[in-house]
file input_33.txt (compact mmCIF, C-alpha atoms)
# COMPACT_ATOMS: atom_id res chain seq x y z
CA MET V 5 88.65 116.41 82.21
CA ASN V 6 89.32 114.69 85.50
CA LYS V 7 92.65 112.93 85.89
CA VAL V 8 92.30 109.22 86.64
CA VAL V 9 94.80 107.93 89.22
CA LEU V 10 95.18 104.30 90.30
CA VAL V 11 97.27 103.52 93.40
CA THR V 12 98.20 99.98 94.46
CA GLY V 13 98.76 99.34 98.15
CA ALA V 14 96.74 102.46 98.95
CA ASN V 15 95.09 101.46 102.22
CA SER V 16 97.95 102.52 104.54
CA GLY V 17 101.43 104.02 104.80
CA ILE V 18 102.92 105.91 101.88
CA GLY V 19 100.12 104.92 99.49
CA LEU V 20 97.39 106.38 101.71
CA ALA V 21 99.51 109.47 102.45
CA LEU V 22 99.89 110.05 98.70
CA CYS V 23 96.12 109.83 98.19
CA GLU V 24 95.55 112.39 100.94
CA ARG V 25 98.09 114.76 99.41
CA LEU V 26 96.63 114.39 95.92
CA LEU V 27 93.11 115.15 97.15
CA SER V 28 94.35 118.10 99.23
CA GLN V 29 95.72 119.65 96.04
CA ASP V 30 92.77 118.94 93.73
CA THR V 31 89.66 117.33 95.23
CA GLU V 32 87.34 118.02 92.30
CA GLY V 33 89.72 117.26 89.42
CA LEU V 34 90.64 113.67 90.33
CA GLN V 35 89.15 110.24 90.00
CA LEU V 36 91.08 108.19 92.54
CA CYS V 37 91.08 104.38 92.51
CA LEU V 38 92.50 102.52 95.51
CA ALA V 39 93.67 99.05 94.45
CA CYS V 40 94.06 96.93 97.58
CA ARG V 41 94.21 93.30 98.63
CA ASN V 42 92.23 93.72 101.87
CA MET V 43 88.87 95.34 101.12
CA ARG V 44 88.00 95.97 104.78
CA ARG V 45 91.13 98.08 105.16
CA ALA V 46 90.52 99.67 101.77
CA GLN V 47 87.02 100.74 102.86
CA ALA V 48 88.46 102.25 106.05
CA ALA V 49 91.01 104.17 103.96
CA ARG V 50 88.29 105.42 101.62
CA SER V 51 86.16 106.55 104.58
CA ALA V 52 89.12 108.45 106.06
CA LEU V 53 89.78 110.20 102.74
CA LEU V 54 86.12 111.12 102.30
CA ALA V 55 85.95 112.44 105.85
CA SER V 56 88.61 115.00 104.88
CA HIS V 57 87.33 115.48 101.31
CA PRO V 58 83.55 114.78 101.20
CA THR V 59 83.17 115.61 97.50
CA ALA V 60 86.11 113.50 96.32
CA GLN V 61 85.67 110.68 93.80
CA VAL V 62 87.30 107.68 95.49
CA ALA V 63 86.66 104.18 94.13
CA LEU V 64 87.89 100.82 95.41
CA LEU V 65 89.34 97.92 93.45
CA GLN V 66 90.18 94.53 94.88
CA MET V 67 93.57 93.34 93.69
CA ASP V 68 96.25 91.09 95.11
CA THR V 69 99.44 91.62 93.10
CA SER V 70 100.75 88.22 94.24
CA SER V 71 97.89 86.48 92.40
CA ILE V 72 97.84 86.22 88.60
CA SER V 73 94.07 85.69 88.40
CA SER V 74 93.43 88.60 90.81
CA VAL V 75 95.56 91.00 88.74
CA ILE V 76 93.88 89.97 85.46
CA ALA V 77 90.39 90.28 86.97
CA ALA V 78 91.22 93.69 88.44
CA ALA V 79 92.61 94.91 85.11
CA GLN V 80 89.43 93.82 83.34
CA GLU V 81 87.40 95.78 85.89
CA VAL V 82 89.56 98.88 85.37
CA LYS V 83 89.02 98.71 81.59
CA LEU V 84 85.26 98.52 82.16
CA ARG V 85 85.28 101.54 84.48
CA TYR V 86 87.73 103.88 82.74
CA THR V 87 88.59 104.77 79.16
CA ARG V 88 92.00 106.02 80.24
CA LEU V 89 94.45 106.08 83.14
CA ASP V 90 96.65 109.13 83.63
CA TYR V 91 98.75 107.84 86.53
CA VAL V 92 99.40 104.39 87.96
CA TYR V 93 101.32 104.32 91.23
CA LEU V 94 102.90 100.88 91.62
CA ASN V 95 103.26 101.06 95.37
CA ALA V 96 102.13 97.69 96.79
CA GLY V 97 104.97 95.71 98.33
CA ILE V 98 105.86 93.21 101.02
CA MET V 99 108.90 92.14 103.01
CA PRO V 100 107.72 88.87 104.61
CA ASN V 101 109.33 87.07 107.54
CA PRO V 102 112.28 89.42 107.95
CA GLN V 103 115.15 87.98 109.96
CA PHE V 104 116.61 90.75 112.10
CA ASP V 105 120.15 90.53 113.45
CA VAL V 106 119.85 92.24 116.86
CA LYS V 107 123.58 92.10 117.60
CA ALA V 108 124.44 93.68 114.25
CA PHE V 109 121.79 96.35 114.90
CA PHE V 110 123.25 97.44 118.22
CA ARG V 111 126.79 97.32 116.84
CA GLY V 112 125.60 99.56 114.02
CA LEU V 113 124.00 102.04 116.45
CA PHE V 114 127.46 102.95 117.73
CA SER V 115 129.32 102.88 114.43
CA SER V 116 129.92 105.18 111.48
CA HIS V 117 127.53 103.01 109.43
CA ILE V 118 124.40 103.92 111.42
CA ILE V 119 122.81 106.03 108.67
CA THR V 120 123.46 103.44 105.95
CA MET V 121 122.10 100.71 108.23
CA PHE V 122 118.81 102.50 108.83
CA SER V 123 118.48 103.78 105.26
CA THR V 124 119.04 100.43 103.51
CA GLY V 125 118.82 97.67 106.14
CA GLU V 126 122.30 96.63 105.04
CA GLY V 127 123.90 94.10 107.38
CA ILE V 128 120.87 93.62 109.61
CA LEU V 129 118.12 92.16 107.41
CA THR V 130 117.51 88.95 105.51
CA GLN V 131 114.14 87.45 104.57
CA LYS V 132 112.58 84.03 104.15
CA ASP V 133 110.43 84.10 101.04
CA GLY V 134 107.26 82.08 100.38
CA VAL V 135 105.65 80.62 97.25
CA THR V 136 102.29 81.77 95.83
CA THR V 137 99.45 79.52 94.65
CA ASP V 138 100.71 80.25 91.11
CA GLY V 139 104.09 78.74 91.99
CA LEU V 140 105.95 82.07 91.97
CA GLN V 141 108.20 83.46 94.68
CA GLU V 142 105.96 85.65 96.84
CA VAL V 143 108.10 88.80 97.06
CA PHE V 144 108.89 88.74 93.34
CA ALA V 145 105.22 88.24 92.44
CA THR V 146 103.89 90.92 94.81
CA ASN V 147 106.48 93.62 94.33
CA LEU V 148 107.35 93.17 90.67
CA PHE V 149 105.66 90.61 88.45
CA GLY V 150 102.07 91.36 89.48
CA HIS V 151 102.66 95.01 88.61
CA PHE V 152 104.31 94.06 85.30
CA LEU V 153 101.30 91.93 84.38
CA LEU V 154 98.96 94.76 85.40
CA ILE V 155 100.75 97.17 83.06
CA ARG V 156 100.57 94.68 80.20
CA GLU V 157 96.84 94.16 80.80
CA LEU V 158 96.15 97.89 80.99
CA GLU V 159 97.91 98.85 77.74
CA PRO V 160 94.63 99.90 76.05
CA VAL V 161 93.92 102.56 78.70
CA LEU V 162 97.55 103.56 79.26
CA CYS V 163 98.69 103.98 75.65
CA ARG V 164 96.46 106.53 73.94
CA GLU V 165 97.31 108.68 70.94
CA GLY V 166 97.79 112.33 71.78
CA ARG V 167 97.98 111.84 75.57
CA THR V 168 100.62 110.79 78.06
CA SER V 169 100.31 108.40 80.99
CA GLN V 170 102.72 107.87 83.83
CA LEU V 171 103.82 104.79 85.79
CA ILE V 172 105.47 105.56 89.13
CA TRP V 173 107.19 102.80 91.11
CA THR V 174 107.87 102.90 94.83
CA SER V 175 111.38 101.49 94.98
CA SER V 176 113.88 101.62 97.83
CA SER V 177 117.42 102.55 98.80
CA ASN V 178 117.62 98.81 99.56
CA ALA V 179 117.64 98.10 95.80
CA HIS V 180 121.11 96.62 95.35
CA ARG V 181 122.59 95.21 92.13
CA SER V 182 124.47 92.66 94.29
CA ALA V 183 121.16 91.13 95.43
CA PHE V 184 119.89 90.61 91.86
CA ASN V 185 120.79 87.67 89.62
CA MET V 186 119.55 87.51 86.03
CA GLU V 187 119.70 83.72 86.19
CA ASP V 188 117.46 83.77 89.28
CA VAL V 189 115.13 86.73 88.78
CA GLN V 190 112.64 85.36 91.33
CA HIS V 191 115.45 85.11 93.92
CA GLN V 192 114.65 81.52 94.82
CA LYS V 193 118.21 80.81 95.96
CA GLY V 194 119.01 84.03 97.84
CA THR V 195 118.22 85.62 101.19
CA GLN V 196 117.45 89.17 99.99
CA PRO V 197 114.25 88.86 97.90
CA TYR V 198 113.08 92.37 98.84
CA SER V 199 116.29 94.03 97.67
CA SER V 200 116.29 91.89 94.52
CA SER V 201 112.68 92.81 93.68
CA LYS V 202 113.31 96.52 94.17
CA TYR V 203 116.44 96.48 92.01
CA ALA V 204 114.42 94.60 89.38
CA SER V 205 111.73 97.31 89.49
CA ASP V 206 114.44 99.92 88.80
CA LEU V 207 115.55 97.88 85.78
CA LEU V 208 111.99 97.29 84.61
CA SER V 209 111.13 100.98 84.76
CA LEU V 210 113.98 101.72 82.35
CA ALA V 211 112.88 98.92 80.01
CA LEU V 212 109.27 100.18 80.05
CA ASN V 213 110.47 103.59 78.90
CA THR V 214 112.38 101.94 76.06
CA HIS V 215 109.31 100.01 74.92
CA TYR V 216 106.47 102.47 75.58
CA ASN V 217 107.66 106.09 75.37
CA LYS V 218 106.70 106.30 71.68
CA GLN V 219 103.15 105.31 72.72
CA GLY V 220 102.96 108.09 75.31
CA LEU V 221 103.61 105.92 78.37
CA TYR V 222 106.43 106.90 80.75
CA SER V 223 107.85 105.24 83.84
CA SER V 224 109.65 106.69 86.86
CA VAL V 225 111.04 105.35 90.14
CA ILE V 226 111.07 106.89 93.61
CA CYS V 227 112.65 106.15 96.97
CA PRO V 228 110.57 107.24 100.02
CA GLY V 229 113.54 107.33 102.39
CA PHE V 230 113.44 105.79 105.87
CA VAL V 231 109.76 105.87 106.84
CA MET V 232 107.98 104.44 109.87
CA THR V 233 105.19 102.35 108.28
CA ASN V 234 103.57 98.99 109.02
CA LEU V 235 106.28 97.38 106.87
CA THR V 236 109.01 99.03 108.96
CA TYR V 237 107.44 98.03 112.27
CA GLY V 238 107.01 94.49 110.93
CA ILE V 239 110.76 94.22 110.45
CA LEU V 240 111.33 94.43 114.18
CA PRO V 241 108.48 92.33 115.64
CA SER V 242 110.34 91.40 118.81
CA PHE V 243 111.05 94.98 119.86
CA PRO V 244 108.97 96.03 122.91
CA ASP V 245 107.09 99.33 122.81
CA PHE V 246 109.45 101.04 125.24
CA LEU V 247 112.38 100.46 122.87
CA TRP V 248 110.53 102.18 120.02
CA THR V 249 109.89 105.06 122.44
CA LEU V 250 113.62 105.27 123.12
CA LEU V 251 114.61 104.96 119.44
CA MET V 252 112.30 107.61 117.98
CA PRO V 253 114.21 110.60 119.48
CA LEU V 254 117.37 109.03 118.03
CA PHE V 255 115.75 108.86 114.59
CA TRP V 256 114.76 112.52 114.78
CA LEU V 257 118.29 113.41 115.90
CA ILE V 258 119.81 111.49 112.97
CA ARG V 259 117.58 113.47 110.62
CA MET V 260 119.53 116.60 111.58
CA PHE V 261 122.52 115.01 109.81
CA THR V 262 120.91 113.15 106.89
CA ASN V 263 118.03 114.09 104.60
CA THR V 264 117.01 110.46 103.90
CA PHE V 265 115.21 110.07 107.25
CA THR V 266 111.77 111.19 106.10
CA LEU V 267 110.19 109.21 109.00
CA THR V 268 106.48 109.94 108.30
CA PRO V 269 104.41 108.53 105.40
CA TYR V 270 103.46 112.11 104.46
CA ASN V 271 107.13 113.03 104.02
CA GLY V 272 107.93 109.70 102.36
CA ALA V 273 105.28 110.39 99.71
CA GLU V 274 106.99 113.65 98.70
CA ALA V 275 108.60 112.29 95.51
CA LEU V 276 105.39 110.47 94.52
CA PHE V 277 103.49 113.74 94.87
CA TRP V 278 106.20 115.79 93.13
CA LEU V 279 106.15 113.49 90.09
CA PHE V 280 102.39 114.01 89.77
CA LYS V 281 103.11 117.65 88.95
CA GLN V 282 105.87 117.03 86.39
CA LYS V 283 105.75 116.52 82.63
CA PRO V 284 106.85 112.90 82.21
CA GLU V 285 108.79 113.72 79.03
CA SER V 286 111.11 115.94 81.07
CA LEU V 287 112.10 113.22 83.56
CA ASP V 288 115.31 111.19 83.54
CA PRO V 289 114.52 107.47 82.98
CA GLN V 290 117.80 106.46 84.66
CA ALA V 291 117.23 108.52 87.82
CA LYS V 292 115.55 107.52 91.05
CA TYR V 293 113.62 110.41 92.57
CA HIS V 294 114.25 110.54 96.32
CA SER V 295 111.91 111.93 98.97
CA LEU V 296 114.11 113.97 101.29
CA THR V 297 113.47 115.91 104.49
CA SER V 298 115.86 118.51 105.87
CA GLY V 299 116.78 118.71 109.54
CA LEU V 300 114.31 121.60 109.85
CA GLY V 301 111.51 119.53 108.33
CA ARG V 302 111.42 120.86 104.76
CA ASN V 303 110.40 118.24 102.20
CA TYR V 304 111.91 118.16 98.72
CA THR V 305 112.70 115.75 95.85
CA GLN V 306 116.10 115.02 94.38
CA PRO V 307 117.02 112.78 91.40
CA ARG V 308 119.97 110.39 91.80
CA LYS V 309 121.38 108.17 89.08
CA MET V 310 120.52 104.48 89.45
CA ASP V 311 123.03 101.66 89.10
CA ILE V 312 121.28 100.25 86.02
CA ASP V 313 121.94 99.85 82.29
CA LEU V 314 119.92 99.36 79.11
CA GLU V 315 121.31 95.92 78.33
CA THR V 316 120.41 94.42 81.72
CA SER V 317 117.00 96.10 81.77
CA GLY V 318 116.24 94.73 78.31
CA ALA V 319 117.28 91.22 79.34
CA LEU V 320 114.99 91.36 82.40
CA TYR V 321 112.09 92.60 80.25
CA GLU V 322 112.49 89.61 77.92
CA LYS V 323 112.57 87.22 80.90
CA LEU V 324 109.37 88.73 82.28
CA LEU V 325 107.64 88.44 78.90
CA GLN V 326 108.61 84.78 78.78
CA LEU V 327 107.33 84.19 82.31
CA GLU V 328 104.12 86.03 81.44
CA SER V 329 103.57 83.67 78.51
CA GLU V 330 104.14 80.65 80.77
CA VAL V 331 101.76 81.75 83.53
CA ARG V 332 99.04 82.68 81.04
CA LYS V 333 99.37 79.23 79.48
CA LYS V 334 99.08 77.55 82.89
CA LEU V 335 96.06 79.69 83.77
CA LYS V 336 94.37 78.81 80.47
CA GLU V 337 95.01 75.10 81.04
CA LYS V 338 93.66 75.35 84.57
CA HIS V 339 90.43 76.98 83.40
CA SER V 340 89.98 74.50 80.54
CA ARG V 341 90.07 71.46 82.82
CA PRO V 342 86.67 69.92 83.56
CA ALA V 343 85.38 70.59 87.08

call {"tool": "encode", "arguments": {"input": "input_33.txt", "output": "structure tokens"}}
result
Amino acid sequence: MNKVVLVTGANSGIGLALCERLLSQDTEGLQLCLACRNMRRAQAARSALLASHPTAQVALLQMDTSSISSVIAAAQEVKLRYTRLDYVYLNAGIMPNPQFDVKAFFRGLFSSHIITMFSTGEGILTQKDGVTTDGLQEVFATNLFGHFLLIRELEPVLCREGRTSQLIWTSSSNAHRSAFNMEDVQHQKGTQPYSSSKYASDLLSLALNTHYNKQGLYSSVICPGFVMTNLTYGILPSFPDFLWTLLMPLFWLIRMFTNTFTLTPYNGAEALFWLFKQKPESLDPQAKYHSLTSGLGRNYTQPRKMDIDLETSGALYEKLLQLESEVRKKLKEKHSRPA
């Protein structure tokens, strides 16, 4: 039987690179579903994949993880199309309106912290978050809560007796416990919503294993390393093209000394691709699987323990369940009002 794989945020960057790698390994044995917000870009991604793999089964699904109604509608469509899902890659994510400290950046270029700075954005990045039409913080909704709601909606096709399914989150080395506050899970009061959302996804993955492993559903987390994607370029909008031209040789040079500089989406997708080939029961629920690239260009995956614990992950899970109940109630009230 064909394996059914759903990928959110699949129209570019690491998500699209993953789809290409999956099809290169097994074109005939996959049913691939690209879940994207922008359908024009999704169609372009599908066309590119089919150009390389003409016989591939590649479907599109419109879904905006920042929108409650969009996630619920997409989940309903998935349940109509498929009787099961083998893999769900929770890859969609945003870092809106990043505030970049140019002075700190150039100080970091000539310091011993250069690798940490590029790998995590530490000391050079803050963000200004927005609010969705549902009244949620935009980064929290897009990166975490929309995916949580999707999983909850897809339980019937994810939890099947006698089979296993796998959830795989694209996290980040920028996932810091210090950015996360259990009393402010949406990060309304902070300046690091991206870091907070990624740390929360690490916690949530552990909680999902606690709640769903007995039903055959497993969750894992990856870090793609430092990759040049649209999100990365968006962080530095004021940088002229010539500066990127000057910086790229520096990035390649740094990679000779650190394996976290994966640089290309293909390399960044290494851990995502590696997990596709593993038995989920054999994976460590408290490890983050890192995409790494050696100085000579060899790609490999390495697990590293996350700074998380069962108690905190369980508390976050309960908070998300409570928020889910509240947003469903609001949505029901909205739909019951007379036009």

call {"tool": "residues_near_point", "arguments": {"input": "input_33.txt", "point": "(116.0, 109.5, 88.1)", "cutoff": "12 Å", "atoms": "only C-alpha atoms", "output": "JSON, numbers by chain"}}
result
{"V": [172, 173, 175, 206, 207, 209, 210, 223, 224, 225, 226, 227, 275, 279, 284, 286, 287, 288, 289, 290, 291, 292, 293, 294, 295, 305, 306, 307, 308, 309, 310, 311, 312]}

call {"tool": "atom_distance", "arguments": {"input": "input_33.txt", "atom1": "atom CA of V:Arg44", "atom2": "atom CA of V:Gln66"}}
result
10.2 Å

call {"tool": "atom_distance", "arguments": {"input": "input_33.txt", "atom1": "atom CA of V:Ile18", "atom2": "atom CA of V:Ser200"}}
result
20.7 Å

call {"tool": "residues_around", "arguments": {"input": "input_33.txt", "residues": "V:Gly33", "least_positions_apart": "5", "cutoff": "9 Å", "atoms": "all atoms listed in the file", "output": "count of residues only"}}
result
7

call {"tool": "residues_around", "arguments": {"input": "input_33.txt", "residues": "stretch 179-187 of chain V", "least_positions_apart": "3", "cutoff": "10 Å", "atoms": "all atoms listed in the file", "output": "compact mmCIF listing (two decimals) with C-alpha atoms, in the frame of the given file"}}
result
# COMPACT_ATOMS: atom_id res chain seq x y z
CA THR V 124 119.04 100.43 103.51
CA GLU V 126 122.30 96.63 105.04
CA SER V 175 111.38 101.49 94.98
CA SER V 176 113.88 101.62 97.83
CA GLN V 190 112.64 85.36 91.33
CA HIS V 191 115.45 85.11 93.92
CA LYS V 193 118.21 80.81 95.96
CA GLY V 194 119.01 84.03 97.84
CA THR V 195 118.22 85.62 101.19
CA GLN V 196 117.45 89.17 99.99
CA PRO V 197 114.25 88.86 97.90
CA TYR V 198 113.08 92.37 98.84
CA SER V 199 116.29 94.03 97.67
CA SER V 200 116.29 91.89 94.52
CA SER V 201 112.68 92.81 93.68
CA LYS V 202 113.31 96.52 94.17
CA TYR V 203 116.44 96.48 92.01
CA ALA V 204 114.42 94.60 89.38
CA SER V 205 111.73 97.31 89.49
CA ASP V 206 114.44 99.92 88.80
CA LEU V 207 115.55 97.88 85.78
CA CYS V 227 112.65 106.15 96.97
CA MET V 310 120.52 104.48 89.45
CA ASP V 311 123.03 101.66 89.10
CA ILE V 312 121.28 100.25 86.02
CA THR V 316 120.41 94.42 81.72
CA SER V 317 117.00 96.10 81.77
CA ALA V 319 117.28 91.22 79.34
CA LEU V 320 114.99 91.36 82.40
CA LYS V 323 112.57 87.22 80.90

call {"tool": "closest_residue", "arguments": {"input": "input_33.txt", "among": "V:Glu285, V:Glu159, V:Glu322, V:Asp138", "to": "V:Arg88", "atoms": "all atoms listed in the file"}}
result
V:Glu159

call {"tool": "residues_around", "arguments": {"input": "input_33.txt", "residues": "V:Ala39", "least_positions_apart": "4", "cutoff": "10 Å", "atoms": "only C-alpha atoms", "output": "ChimeraX atom specification"}}
result
/V:10-15,43,46,63-69,78,82,93-96

call {"tool": "closest_residue", "arguments": {"input": "input_33.txt", "among": "V:Gly19, V:Gly299, V:Gly97, V:Gly220", "to": "V:Leu276", "atoms": "only C-alpha atoms"}}
result
V:Gly19

call {"tool": "atom_distance", "arguments": {"input": "input_33.txt", "atom1": "atom CA of V:Lys338", "atom2": "atom CA of V:Lys83"}}
result
24.0 Å

call {"tool": "axis_aligned_box", "arguments": {"input": "input_33.txt", "around": "stretch 312-319 of chain V", "padding_each_side": "4 Å", "output": "JSON"}}
result
{"center_x": 119.1, "center_y": 95.7, "center_z": 82.2, "size_x": 13.7, "size_y": 17.0, "size_z": 15.7}

call {"tool": "closest_residue", "arguments": {"input": "input_33.txt", "among": "V:Leu162, V:Val75, V:Val231, V:Leu22", "to": "V:Ser177", "atoms": "all atoms listed in the file"}}
result
V:Val231

call {"tool": "residues_around", "arguments": {"input": "input_33.txt", "residues": "V:Ser16", "least_positions_apart": "5", "cutoff": "12 Å", "atoms": "only C-alpha atoms", "output": "ChimeraX atom specification"}}
result
/V:11,21-24,38-42,44-50,52-53,95-97,232-235,268-270,273

call {"tool": "write_last_selection", "arguments": {"input": "input_33.txt", "atoms": "C-alpha atoms", "output": "mmCIF file, in the coordinates of the input"}}
result
data_model
loop_
_atom_site.group_PDB
_atom_site.id
_atom_site.type_symbol
_atom_site.label_atom_id
_atom_site.label_comp_id
_atom_site.auth_asym_id
_atom_site.auth_seq_id
_atom_site.Cartn_x
_atom_site.Cartn_y
_atom_site.Cartn_z
ATOM 1 C CA VAL V 11 97.270 103.520 93.400
ATOM 2 C CA ALA V 21 99.510 109.470 102.450
ATOM 3 C CA LEU V 22 99.890 110.050 98.700
ATOM 4 C CA CYS V 23 96.120 109.830 98.190
ATOM 5 C CA GLU V 24 95.550 112.390 100.940
ATOM 6 C CA LEU V 38 92.500 102.520 95.510
ATOM 7 C CA ALA V 39 93.670 99.050 94.450
ATOM 8 C CA CYS V 40 94.060 96.930 97.580
ATOM 9 C CA ARG V 41 94.210 93.300 98.630
ATOM 10 C CA ASN V 42 92.230 93.720 101.870
ATOM 11 C CA ARG V 44 88.000 95.970 104.780
ATOM 12 C CA ARG V 45 91.130 98.080 105.160
ATOM 13 C CA ALA V 46 90.520 99.670 101.770
ATOM 14 C CA GLN V 47 87.020 100.740 102.860
ATOM 15 C CA ALA V 48 88.460 102.250 106.050
ATOM 16 C CA ALA V 49 91.010 104.170 103.960
ATOM 17 C CA ARG V 50 88.290 105.420 101.620
ATOM 18 C CA ALA V 52 89.120 108.450 106.060
ATOM 19 C CA LEU V 53 89.780 110.200 102.740
ATOM 20 C CA ASN V 95 103.260 101.060 95.370
ATOM 21 C CA ALA V 96 102.130 97.690 96.790
ATOM 22 C CA GLY V 97 104.970 95.710 98.330
ATOM 23 C CA MET V 232 107.980 104.440 109.870
ATOM 24 C CA THR V 233 105.190 102.350 108.280
ATOM 25 C CA ASN V 234 103.570 98.990 109.020
ATOM 26 C CA LEU V 235 106.280 97.380 106.870
ATOM 27 C CA THR V 268 106.480 109.940 108.300
ATOM 28 C CA PRO V 269 104.410 108.530 105.400
ATOM 29 C CA TYR V 270 103.460 112.110 104.460
ATOM 30 C CA ALA V 273 105.280 110.390 99.710
#
